[in-house]
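Trainee: File follows, data_22.csv with CSV, C-alpha atoms:
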chain,number,residue,atom,x,y,z
S,1085,MET,CA,-3.7,32.0,-20.0
S,1086,GLU,CA,-2.4,33.6,-23.2
S,1087,LEU,CA,0.9,31.8,-22.9
S,1088,ILE,CA,-0.7,28.4,-23.4
S,1089,ARG,CA,-1.1,28.1,-27.2
S,1090,SER,CA,-0.5,24.4,-27.9
S,1091,ASP,CA,-1.1,21.0,-26.4
S,1092,SER,CA,2.6,20.7,-25.5
S,1093,ASN,CA,2.5,24.0,-23.6
S,1094,LEU,CA,-0.6,22.9,-21.7
S,1095,ASN,CA,0.8,19.5,-20.9
S,1096,ALA,CA,4.1,21.0,-19.6
S,1097,LEU,CA,2.4,23.4,-17.3
S,1098,THR,CA,-0.6,21.4,-16.1
S,1099,GLY,CA,-0.3,17.8,-17.0
S,1100,ILE,CA,-3.5,17.9,-19.1
S,1101,PRO,CA,-2.6,16.3,-22.5
S,1102,LYS,CA,-4.7,18.5,-24.8
S,1103,ILE,CA,-6.4,21.9,-24.9
S,1104,THR,CA,-9.6,20.2,-26.0
S,1105,TYR,CA,-9.5,18.2,-22.8
S,1106,LEU,CA,-9.2,21.3,-20.7
S,1107,ASP,CA,-12.2,22.7,-22.5
S,1108,GLN,CA,-14.2,19.6,-21.8
S,1109,ILE,CA,-13.1,19.6,-18.1
S,1110,THR,CA,-14.2,23.2,-17.9
S,1111,LYS,CA,-17.6,22.5,-19.5
S,1112,ILE,CA,-18.3,19.6,-17.2
S,1113,SER,CA,-17.2,21.6,-14.2
S,1114,GLN,CA,-19.6,24.3,-15.1
S,1115,LEU,CA,-22.4,21.8,-15.3
S,1116,VAL,CA,-21.5,20.7,-11.8
S,1117,ILE,CA,-21.5,24.3,-10.6
S,1118,ASN,CA,-24.9,24.9,-12.1
S,1119,LYS,CA,-26.3,21.8,-10.4
S,1120,LEU,CA,-24.9,22.8,-7.1
S,1121,GLN,CA,-26.2,26.3,-7.6
S,1122,TYR,CA,-23.0,28.1,-6.7
S,1123,ASN,CA,-23.5,31.8,-6.0
S,1124,ILE,CA,-19.9,32.9,-5.4
S,1125,HIS,CA,-18.1,35.7,-7.3
S,1126,PHE,CA,-14.6,34.9,-8.5
S,1127,LYS,CA,-12.0,37.3,-10.0
S,1128,LEU,CA,-10.8,34.5,-12.3
S,1129,ASP,CA,-13.1,32.6,-14.6
S,1130,LEU,CA,-13.6,28.9,-14.3
S,1131,ARG,CA,-11.1,27.9,-17.0
S,1132,GLU,CA,-8.4,30.1,-15.4
S,1133,ARG,CA,-9.1,28.6,-11.9
S,1134,ILE,CA,-8.8,25.1,-13.3
S,1135,THR,CA,-5.6,25.9,-15.1
S,1136,MET,CA,-4.1,27.5,-12.0
S,1137,THR,CA,-5.1,24.5,-9.9
S,1138,PHE,CA,-3.4,22.0,-12.3
S,1139,MET,CA,-0.3,24.3,-12.5
S,1140,LYS,CA,-0.1,23.9,-8.7
S,1141,LEU,CA,-0.3,20.1,-9.0
S,1142,LYS,CA,2.0,19.7,-11.9
S,1143,LEU,CA,4.8,22.2,-11.0
S,1144,ASP,CA,4.1,22.7,-7.3
S,1145,LEU,CA,4.6,26.4,-7.6
S,1146,THR,CA,4.0,28.5,-4.4
S,1147,PHE,CA,0.7,30.3,-4.1
S,1148,VAL,CA,2.7,33.5,-4.1
S,1149,SER,CA,4.1,32.6,-7.6
S,1150,LEU,CA,0.8,31.5,-8.9
S,1151,GLY,CA,-0.7,34.8,-7.6
S,1152,VAL,CA,1.8,36.7,-9.7
S,1153,PHE,CA,0.9,34.7,-12.8
S,1154,PHE,CA,-2.8,35.2,-12.4
S,1155,GLY,CA,-2.8,38.7,-10.9
S,1156,ILE,CA,-4.4,37.8,-7.6
S,1157,SER,CA,-3.2,37.7,-4.0
S,1158,ASN,CA,-1.6,34.6,-2.6
S,1159,SER,CA,-4.4,34.2,0.0
S,1160,CYS,CA,-7.0,34.4,-2.8
S,1161,CYS,CA,-5.0,31.9,-4.8
S,1162,THR,CA,-5.0,29.5,-1.9
S,1163,ASN,CA,-8.7,29.7,-1.5
S,1164,TYR,CA,-9.3,29.3,-5.2
S,1165,PHE,CA,-7.1,26.1,-5.2
S,1166,LEU,CA,-8.9,24.5,-2.3
S,1167,GLU,CA,-12.3,25.3,-3.8
S,1168,THR,CA,-11.4,24.1,-7.3
S,1169,ILE,CA,-10.0,20.8,-5.9
S,1170,ASP,CA,-13.4,20.1,-4.4
S,1171,LEU,CA,-15.0,20.8,-7.7
S,1172,LEU,CA,-12.5,18.8,-9.8
S,1173,TYR,CA,-13.0,15.8,-7.4
S,1174,LEU,CA,-16.7,15.7,-8.3
S,1175,VAL,CA,-15.7,15.7,-12.0
S,1176,PHE,CA,-12.9,13.1,-11.9
S,1177,LYS,CA,-14.3,10.6,-9.4
S,1178,ASN,CA,-16.4,9.4,-12.2
S,1179,VAL,CA,-13.3,8.6,-14.3
S,1180,ILE,CA,-12.0,6.1,-11.7
S,1181,ILE,CA,-14.2,3.2,-12.4
S,1182,TRP,CA,-14.1,-0.4,-11.1
S,1183,SER,CA,-14.0,-2.3,-14.4
S,1184,PRO,CA,-16.3,-5.2,-15.0
S,1185,LYS,CA,-14.6,-8.6,-15.4
S,1186,LYS,CA,-15.7,-8.9,-19.1
S,1187,VAL,CA,-14.1,-5.6,-20.0
S,1188,ILE,CA,-10.9,-6.6,-18.3
S,1189,GLN,CA,-10.8,-9.9,-20.1
S,1190,ARG,CA,-11.5,-8.2,-23.4
S,1191,ASN,CA,-8.5,-5.9,-22.9
S,1192,MET,CA,-5.9,-8.3,-21.5
S,1193,PRO,CA,-2.3,-7.4,-22.5
S,1194,LYS,CA,0.0,-10.1,-23.8
S,1195,CYS,CA,2.3,-9.8,-20.8
S,1196,PHE,CA,-0.6,-11.2,-18.7
S,1197,ASP,CA,-0.9,-14.4,-20.8
S,1198,ASN,CA,0.1,-16.4,-17.7
S,1199,PHE,CA,-2.2,-14.4,-15.4
S,1200,THR,CA,-5.4,-14.1,-17.4
S,1201,ASN,CA,-7.5,-14.2,-14.3
S,1202,THR,CA,-6.0,-11.0,-12.9
S,1203,ARG,CA,-8.7,-8.5,-11.9
S,1204,VAL,CA,-6.6,-5.9,-10.3
S,1205,ILE,CA,-2.9,-5.1,-9.6
S,1206,LEU,CA,-2.4,-3.4,-6.2
S,1207,ASP,CA,0.4,-1.2,-5.0
S,1208,CYS,CA,1.0,1.5,-2.4
S,1209,THR,CA,2.7,4.8,-2.9
S,1210,GLU,CA,4.1,7.1,-0.2
S,1211,THR,CA,4.7,10.9,-0.2
S,1212,ARG,CA,6.5,12.9,2.4
S,1213,VAL,CA,4.6,15.5,4.5
S,1214,GLU,CA,5.6,18.2,6.8
S,1215,ARG,CA,6.2,17.0,10.3
S,1216,PRO,CA,2.9,17.7,12.2
S,1217,LYS,CA,2.8,19.4,15.6
S,1218,CYS,CA,0.2,16.9,17.0
S,1219,LEU,CA,2.0,13.9,18.7
S,1220,SER,CA,-0.6,11.4,17.6
S,1221,CYS,CA,-0.3,12.6,14.0
S,1222,LYS,CA,3.5,12.3,14.2
S,1223,ILE,CA,3.3,8.7,15.3
S,1224,ARG,CA,0.7,7.7,12.7
S,1225,SER,CA,2.5,9.4,9.8
S,1226,TYR,CA,6.0,8.2,10.6
S,1227,SER,CA,7.2,5.7,8.1
S,1228,HIS,CA,10.2,3.5,9.3
S,1229,TYR,CA,10.7,2.4,5.7
S,1230,LYS,CA,11.1,6.0,4.4
S,1231,GLY,CA,12.6,7.4,7.7
S,1232,ASN,CA,10.3,10.3,7.5
S,1233,ASN,CA,6.7,11.5,8.0
S,1234,THR,CA,4.6,10.4,5.1
S,1235,ILE,CA,1.1,9.7,3.9
S,1236,LYS,CA,0.3,6.5,2.0
S,1237,CYS,CA,-2.3,5.5,-0.5
S,1238,MET,CA,-3.2,2.2,-2.2
S,1239,ILE,CA,-3.8,2.2,-6.0
S,1240,GLY,CA,-5.6,-0.5,-7.9
S,1241,ILE,CA,-4.9,-0.8,-11.7
S,1242,ALA,CA,-6.5,-3.1,-14.3
S,1243,PRO,CA,-4.1,-5.1,-16.5
S,1244,ASP,CA,-4.6,-2.7,-19.3
S,1245,GLY,CA,-3.1,0.1,-17.2
S,1246,LEU,CA,-6.3,1.9,-16.3
S,1247,ILE,CA,-6.6,3.1,-12.7
S,1248,THR,CA,-9.7,1.5,-11.3
S,1249,PHE,CA,-9.4,2.1,-7.5
S,1250,ILE,CA,-7.8,4.7,-5.2
S,1251,SER,CA,-8.0,4.2,-1.4
S,1252,LYS,CA,-8.3,7.0,1.0
S,1253,ILE,CA,-5.1,8.4,2.5
S,1254,TYR,CA,-3.4,6.8,5.5
S,1255,GLY,CA,-0.4,7.7,7.7
S,1256,GLY,CA,2.9,6.3,6.7
S,1257,ARG,CA,2.9,3.9,9.6
S,1258,ALA,CA,0.0,1.9,8.1
S,1259,SER,CA,1.0,-1.4,6.6
S,1260,ASP,CA,0.0,-2.4,3.0
S,1261,LYS,CA,-2.2,-5.2,4.5
S,1262,HIS,CA,-4.0,-2.8,6.9
S,1263,ILE,CA,-4.8,-0.4,4.0
S,1264,LEU,CA,-6.0,-3.3,1.9
S,1265,ASN,CA,-8.3,-4.6,4.6
S,1266,GLU,CA,-9.7,-1.2,5.4
S,1267,SER,CA,-10.4,-0.4,1.8
S,1268,CYS,CA,-12.5,-3.6,1.4
S,1269,ILE,CA,-11.3,-3.9,-2.2
S,1270,LEU,CA,-11.2,-7.7,-2.0
S,1271,ASP,CA,-14.9,-7.7,-1.4
S,1272,MET,CA,-15.3,-6.0,-4.8
S,1273,CYS,CA,-13.8,-9.1,-6.5
S,1274,THR,CA,-15.5,-12.3,-7.2
S,1275,GLU,CA,-14.4,-15.9,-6.6
S,1276,GLY,CA,-11.7,-17.0,-9.0
S,1277,ASP,CA,-10.3,-13.5,-9.6
S,1278,GLY,CA,-6.6,-13.0,-9.5
S,1279,ILE,CA,-5.0,-10.3,-7.3
S,1280,MET,CA,-1.4,-9.3,-8.3
S,1281,VAL,CA,0.7,-7.6,-5.5
S,1282,ASP,CA,4.3,-7.2,-4.4
S,1283,LYS,CA,5.9,-8.9,-1.4
S,1284,GLY,CA,4.6,-6.3,1.1
S,1285,PHE,CA,1.1,-7.6,0.8
S,1286,LEU,CA,0.8,-10.6,3.3
S,1287,ILE,CA,-2.8,-11.4,2.4
S,1288,GLU,CA,-2.8,-15.2,1.8
S,1289,LYS,CA,-5.6,-15.7,4.4
S,1290,GLU,CA,-7.8,-12.9,3.1
S,1291,CYS,CA,-7.6,-14.2,-0.5
S,1292,SER,CA,-8.2,-17.8,0.5
S,1293,GLU,CA,-11.3,-16.9,2.5
S,1294,ARG,CA,-12.8,-15.2,-0.6
S,1295,GLY,CA,-11.6,-17.8,-3.2
S,1296,LEU,CA,-9.3,-15.3,-4.8
S,1297,ILE,CA,-6.0,-16.3,-6.5
S,1298,LEU,CA,-2.9,-14.4,-5.2
S,1299,HIS,CA,-0.2,-13.6,-7.7
S,1300,ARG,CA,2.9,-12.4,-5.7
S,1301,PRO,CA,6.6,-12.8,-6.2
S,1302,PRO,CA,8.0,-15.8,-4.3
S,1303,PHE,CA,10.0,-15.2,-1.1
S,1304,LEU,CA,13.6,-16.2,-0.9
S,1305,GLY,CA,13.2,-17.6,2.6
S,1306,LYS,CA,16.2,-19.5,4.0
S,1307,ASN,CA,17.5,-20.3,0.5
S,1308,LYS,CA,20.4,-18.4,-0.9
S,1309,GLN,CA,18.7,-18.1,-4.3
S,1310,LEU,CA,15.4,-18.8,-5.9
S,1311,LYS,CA,14.6,-22.1,-7.5
S,1312,LEU,CA,14.5,-22.1,-11.3
S,1313,GLU,CA,10.7,-22.3,-11.5
S,1314,ASP,CA,10.4,-19.5,-8.8
S,1315,GLY,CA,12.9,-17.4,-10.7
S,1316,MET,CA,10.9,-17.8,-13.9
S,1317,PHE,CA,7.7,-17.0,-12.1
S,1318,ASN,CA,9.3,-13.9,-10.6
S,1319,THR,CA,10.3,-12.7,-14.0
S,1320,GLU,CA,6.8,-13.2,-15.5
S,1321,ILE,CA,5.2,-11.2,-12.6
S,1322,ALA,CA,7.8,-8.4,-13.1
S,1323,ARG,CA,7.0,-8.2,-16.8
S,1324,ALA,CA,3.3,-7.7,-15.9
S,1325,ARG,CA,3.8,-5.4,-12.9
S,1326,VAL,CA,6.1,-3.0,-14.7
S,1327,HIS,CA,3.0,-1.4,-16.4
S,1328,VAL,CA,1.5,-0.7,-13.0
S,1329,GLU,CA,4.7,1.0,-11.8
S,1330,ARG,CA,4.6,3.1,-15.0
S,1331,THR,CA,1.1,4.2,-14.2
S,1332,ILE,CA,2.2,5.2,-10.6
S,1333,GLN,CA,5.2,7.0,-12.1
S,1334,ARG,CA,2.7,9.1,-14.2
S,1335,ILE,CA,1.1,10.2,-11.0
S,1336,LYS,CA,4.5,11.1,-9.5
S,1337,ILE,CA,5.2,13.3,-12.5
S,1338,PHE,CA,3.0,15.8,-10.8
S,1339,LYS,CA,5.5,17.5,-8.5
S,1340,PHE,CA,2.9,18.0,-5.8
S,1341,PHE,CA,3.6,14.4,-4.9
S,1342,GLN,CA,7.4,14.7,-5.4
S,1343,ASN,CA,7.9,17.5,-2.8
S,1344,LYS,CA,7.1,17.5,0.9
S,1345,ILE,CA,3.3,18.3,1.2
S,1346,PRO,CA,2.4,21.0,3.7
S,1347,TRP,CA,0.5,19.5,6.6
S,1348,ALA,CA,-2.3,22.1,6.1
S,1349,LEU,CA,-3.1,20.5,2.7
S,1350,THR,CA,-3.2,16.9,3.8
S,1351,PRO,CA,-7.0,17.0,4.2
S,1352,LYS,CA,-7.3,17.5,0.5
S,1353,VAL,CA,-4.8,14.9,-0.6
S,1354,SER,CA,-7.4,12.1,-1.1
S,1355,LYS,CA,-9.3,14.3,-3.5
S,1356,ILE,CA,-6.1,15.4,-5.2
S,1357,MET,CA,-5.1,11.8,-5.8
S,1358,VAL,CA,-8.4,11.1,-7.5
S,1359,VAL,CA,-8.1,14.2,-9.7
S,1360,ILE,CA,-4.6,13.3,-10.8
S,1361,GLY,CA,-5.5,9.7,-11.3
S,1362,GLY,CA,-8.4,10.8,-13.5
S,1363,VAL,CA,-6.0,12.9,-15.7
S,1364,VAL,CA,-3.7,9.8,-16.0
S,1365,ASN,CA,-6.7,7.8,-17.1
S,1366,ILE,CA,-7.6,10.2,-19.9
S,1367,SER,CA,-4.0,10.5,-21.0
S,1368,ARG,CA,-2.1,8.3,-23.5
S,1369,PRO,CA,-2.3,4.6,-22.5
S,1370,THR,CA,0.7,3.1,-20.7
S,1371,ILE,CA,0.5,0.0,-22.9
S,1372,ALA,CA,0.9,0.4,-26.7
S,1373,GLU,CA,-1.8,-1.0,-29.0
S,1374,GLY,CA,0.6,-3.8,-30.1
S,1375,GLY,CA,0.8,-5.0,-26.5
S,1376,PHE,CA,-2.7,-6.5,-26.6
S,1377,ASN,CA,-4.1,-9.8,-27.8
S,1378,THR,CA,-6.1,-8.3,-30.7
S,1379,SER,CA,-7.5,-11.6,-31.8
S,1380,GLU,CA,-9.2,-12.1,-28.5
S,1381,ILE,CA,-10.5,-8.5,-28.6
S,1382,VAL,CA,-12.2,-9.3,-31.9
S,1383,ASN,CA,-13.7,-12.6,-30.7
S,1384,ASN,CA,-15.2,-10.9,-27.7
S,1385,ASN,CA,-16.9,-8.1,-29.6
Is it possible to give me this structure as structure tokens?

Mentor:
Amino acid sequence: MELIRSDSNLNALTGIPKITYLDQITKISQLVINKLQYNIHFKLDLRERITMTFMKLKLDLTFVSLGVFFGISNSCCTNYFLETIDLLYLVFKNVIIWSPKKVIQRNMPKCFDNFTNTRVILDCTETRVERPKCLSCKIRSYSHYKGNNTIKCMIGIAPDGLITFISKIYGGRASDKHILNESCILDMCTEGDGIMVDKGFLIEKECSERGLILHRPPFLGKNKQLKLEDGMFNTEIARARVHVERTIQRIKIFKFFQNKIPWALTPKVSKIMVVIGGVVNISRPTIAEGGFNTSEIVNNN
């Protein structure tokens, strides 16, 4: 679009940090198209279709509004969006990579000094969806915690803030433990790895069976307040986990996940989460350079 003349303009409209990144995304997408041997005529060129798709994700404009911006009908705009999401998924799924343990150890932030064995930090995020007509879908998507119909996804993040795992989408009724077991992410870890989670993940047995170390805030139980050592441990975990929460907040900046998602678009949400997660990974790091143990980085190179 002619209105996008700077990186800041592009970032505000699409969430993509730089125009050069958009050019690279377009270039890689074209290579994918060539490999798949697409033979479809589009009124908009590839760069425009990618821009339009990210504008939908970032601003959650209606397809009617996007159609006005790009001079196409709203039905055409909808079809372009759905097709381009499939294409972008093929591009960005390669940006969500399960990091090797050596790489994680080499890029361990200072706030993880007491949790240096951490392989992944896990958390779930929920988004409201339109109430489905199907009774079974209503039951599976109803979240008692949110008091609404939602979809839920588990995200795994390395200590350095990089998104390394995204589960498929589940209904809001699914528990954190159920999603974790279904995703088989613990099987991707090796004995001695640390798993950092919040209190919703009741996975002591699963971790023990695999020889994994569970880092989780202590429960208050019947006590009125935490013991001193538990309180200090809780603070240390909170200092480390805050970076994971910031990464998830970056995903939530995209208004597609702030507003209620139309039920008709739920089949695409898993791919959309990967696309947005990929953009977050190529954006500015959540942890500043000064937050890392530079001496250890040098020694491991």

Trainee: Taking into account all atoms listed in the file, which residue in the set S:Thr1135, S:Asn1118, S:Ser1149, S:Thr1350 is nearest to Asn1093 of chain S?

Mentor: S:Thr1135

Trainee: Here's a test: counting all atoms listed in the file, identify every protein, DNA and RNA residue with an atom at most 10 Å from (5.1, -16.8, -11.0) in the file's coordinate frame, and state them as a PDB file with C-alpha atoms, in the frame of the given file.

Mentor:
ATOM      1  CA  ASN S1198       0.100 -16.400 -17.700  1.00  0.00           C
ATOM      2  CA  PHE S1199      -2.200 -14.400 -15.400  1.00  0.00           C
ATOM      3  CA  HIS S1299      -0.200 -13.600  -7.700  1.00  0.00           C
ATOM      4  CA  ARG S1300       2.900 -12.400  -5.700  1.00  0.00           C
ATOM      5  CA  PRO S1301       6.600 -12.800  -6.200  1.00  0.00           C
ATOM      6  CA  PRO S1302       8.000 -15.800  -4.300  1.00  0.00           C
ATOM      7  CA  GLU S1313      10.700 -22.300 -11.500  1.00  0.00           C
ATOM      8  CA  ASP S1314      10.400 -19.500  -8.800  1.00  0.00           C
ATOM      9  CA  GLY S1315      12.900 -17.400 -10.700  1.00  0.00           C
ATOM     10  CA  MET S1316      10.900 -17.800 -13.900  1.00  0.00           C
ATOM     11  CA  PHE S1317       7.700 -17.000 -12.100  1.00  0.00           C
ATOM     12  CA  ASN S1318       9.300 -13.900 -10.600  1.00  0.00           C
ATOM     13  CA  THR S1319      10.300 -12.700 -14.000  1.00  0.00           C
ATOM     14  CA  GLU S1320       6.800 -13.200 -15.500  1.00  0.00           C
ATOM     15  CA  ILE S1321       5.200 -11.200 -12.600  1.00  0.00           C
ATOM     16  CA  ALA S1322       7.800  -8.400 -13.100  1.00  0.00           C
TER      17      ALA S1322
END

Trainee: Return the single residue from S:Asn1233, S:Ser1092, S:Asn1201, S:Ser1159 that is closest to Lys1344 of chain S, with distances computed using all atoms listed in the file.

Mentor: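 Of S:Asn1233, S:Ser1092, S:Asn1201, S:Ser1159, the one nearest Lys1344 of chain S is S:Asn1233, counting all atoms listed in the file.
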
Trainee: Give me the residues near segment 1270-1279 of chain S as a ChimeraX atom specification, where near means some atom within 8 Å (using only C-alpha atoms) and where sequence neighbours in that chain fewer than 3 positions away do not count.

Mentor: /S:1199,1201-1206,1264-1265,1291,1294-1299

Trainee: Any idea what's packed within 12 Å of Glu1266 of chain S, counting only C-alpha atoms, ignoring anything in its chain fewer than 3 positions away? Could you give it as a list in words?

Mentor: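 That gives Cys1237, Met1238, Ser1251, Lys1252, Ile1253, Tyr1254, Ala1258, Ser1259, Asp1260, Lys1261, His1262, Ile1263, Ile1269, Leu1270 and Asp1271 of chain S.
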
Trainee: With distances taken over all atoms listed in the file, which residue among S:Tyr1226, S:Met1192, S:Val1363, S:Val1213 lies nearest Thr1098 of chain S?

Mentor: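 Among the listed residues, S:Val1363 lies closest to Thr1098 of chain S.
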
Trainee: May I have the residues at most 9 Å from (-0.8, 22.2, -13.4) in the file's coordinates, counting only C-alpha atoms, as a list in words?

Mentor: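 Protein, DNA and RNA residues close to (-0.8, 22.2, -13.4): Leu1094, Asn1095, Ala1096, Leu1097, Thr1098, Gly1099, Ile1100, Ile1134, Thr1135, Met1136, Thr1137, Phe1138, Met1139, Lys1140, Leu1141, Lys1142, Leu1143, Asp1144, Leu1145 and Phe1338 of chain S.
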
Trainee: For Thr1248 of chain S, which residue out of S:Thr1331, S:Asn1158, S:Thr1168, S:Gln1114 is the nearest one, using all atoms listed in the file?

Mentor: S:Thr1331

Trainee: With distances taken over all atoms listed in the file, which residue among S:Lys1230, S:Lys1127, S:Ser1090, S:Pro1101 lies nearest Arg1368 of chain S?

Mentor: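 The answer is S:Pro1101, which sits nearest to Arg1368 of chain S.
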
Trainee: Counting only C-alpha atoms, what is within 9 Å of Ile1181 of chain S, bar same-chain residues fewer than 5 positions away, as a ChimeraX atom specification?

Mentor: /S:1246-1249

Trainee: Measuring atom to atom with only C-alpha atoms, identify which of S:Thr1110, S:Phe1147, S:Cys1160, S:Leu1115 is nearest to Asp1129 of chain S.

Mentor: S:Thr1110

Trainee: Excluding segment 1103-1106 of chain S and any residue of its chain fewer than 2 positions from it, enumerate the residues within 6 Å of it, using only C-alpha atoms, and give them as a list in words.

Mentor: Asp1091, Gln1108 and Ile1109 of chain S

Trainee: What's the separation between atom CA of Ile1239 of chain S and atom CA of Val1116 of chain S, in Å to one decimal place?

Mentor: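 Separation between atom CA of Ile1239 of chain S and atom CA of Val1116 of chain S: 26.3 Å.
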
Trainee: Quick check, in Å to one decimal: how far apart do atom CA of Phe1153 of chain S and atom CA of Lys1177 of chain S lie?

Mentor: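 Interatomic distance, atom CA of Phe1153 of chain S to atom CA of Lys1177 of chain S: 28.7 Å.
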
Trainee: If you keep all heavy atoms, can you output segment 1114-1121 of chain S as a tab-separated table (two decimals), in the first residue's frame?

Mentor:
chain	number	residue	atom	x	y	z
S	1114	GLN	N	6.73	-16.44	-2.06
S	1114	GLN	CA	6.71	-16.68	-3.51
S	1114	GLN	C	7.44	-17.98	-3.85
S	1114	GLN	O	7.01	-18.73	-4.74
S	1114	GLN	CB	7.36	-15.51	-4.25
S	1114	GLN	CG	7.26	-15.59	-5.77
S	1114	GLN	CD	5.83	-15.59	-6.25
S	1114	GLN	OE1	5.07	-14.66	-5.98
S	1114	GLN	NE2	5.44	-16.66	-6.96
S	1115	LEU	N	8.51	-18.27	-3.13
S	1115	LEU	CA	9.23	-19.52	-3.34
S	1115	LEU	C	8.35	-20.72	-3.00
S	1115	LEU	O	8.37	-21.74	-3.68
S	1115	LEU	CB	10.50	-19.54	-2.49
S	1115	LEU	CG	11.61	-18.55	-2.88
S	1115	LEU	CD1	12.74	-18.59	-1.86
S	1115	LEU	CD2	12.13	-18.85	-4.28
S	1116	VAL	N	7.57	-20.56	-1.91
S	1116	VAL	CA	6.64	-21.63	-1.52
S	1116	VAL	C	5.58	-21.83	-2.60
S	1116	VAL	O	5.24	-22.96	-2.96
S	1116	VAL	CB	5.99	-21.31	-0.16
S	1116	VAL	CG1	4.91	-22.34	0.16
S	1116	VAL	CG2	7.03	-21.27	0.94
S	1117	ILE	N	5.05	-20.72	-3.10
S	1117	ILE	CA	4.03	-20.78	-4.17
S	1117	ILE	C	4.59	-21.49	-5.41
S	1117	ILE	O	3.94	-22.34	-6.02
S	1117	ILE	CB	3.54	-19.37	-4.53
S	1117	ILE	CG1	2.67	-18.81	-3.40
S	1117	ILE	CG2	2.75	-19.37	-5.84
S	1117	ILE	CD1	2.24	-17.38	-3.61
S	1118	ASN	N	5.82	-21.14	-5.77
S	1118	ASN	CA	6.45	-21.76	-6.94
S	1118	ASN	C	6.61	-23.27	-6.74
S	1118	ASN	O	6.41	-24.05	-7.67
S	1118	ASN	CB	7.80	-21.12	-7.21
S	1118	ASN	CG	7.69	-19.66	-7.63
S	1118	ASN	OD1	6.61	-19.20	-8.04
S	1118	ASN	ND2	8.77	-18.91	-7.50
S	1119	LYS	N	6.97	-23.64	-5.51
S	1119	LYS	CA	7.17	-25.05	-5.22
S	1119	LYS	C	5.85	-25.81	-5.25
S	1119	LYS	O	5.79	-26.97	-5.70
S	1119	LYS	CB	7.83	-25.21	-3.85
S	1119	LYS	CG	8.24	-26.63	-3.53
S	1119	LYS	CD	9.04	-26.71	-2.25
S	1119	LYS	CE	9.50	-28.14	-1.97
S	1119	LYS	NZ	10.30	-28.22	-0.71
S	1120	LEU	N	4.77	-25.16	-4.78
S	1120	LEU	CA	3.46	-25.80	-4.76
S	1120	LEU	C	2.76	-25.71	-6.12
S	1120	LEU	O	1.70	-26.31	-6.31
S	1120	LEU	CB	2.57	-25.14	-3.70
S	1120	LEU	CG	3.03	-25.31	-2.24
S	1120	LEU	CD1	2.12	-24.55	-1.31
S	1120	LEU	CD2	3.05	-26.79	-1.86
S	1121	GLN	N	3.36	-24.92	-7.02
S	1121	GLN	CA	2.83	-24.76	-8.38
S	1121	GLN	C	1.39	-24.24	-8.38
S	1121	GLN	O	0.49	-24.81	-9.00
S	1121	GLN	CB	2.92	-26.09	-9.14
S	1121	GLN	CG	4.36	-26.57	-9.32
S	1121	GLN	CD	4.45	-27.87	-10.11
S	1121	GLN	OE1	3.47	-28.59	-10.27
S	1121	GLN	NE2	5.63	-28.17	-10.61
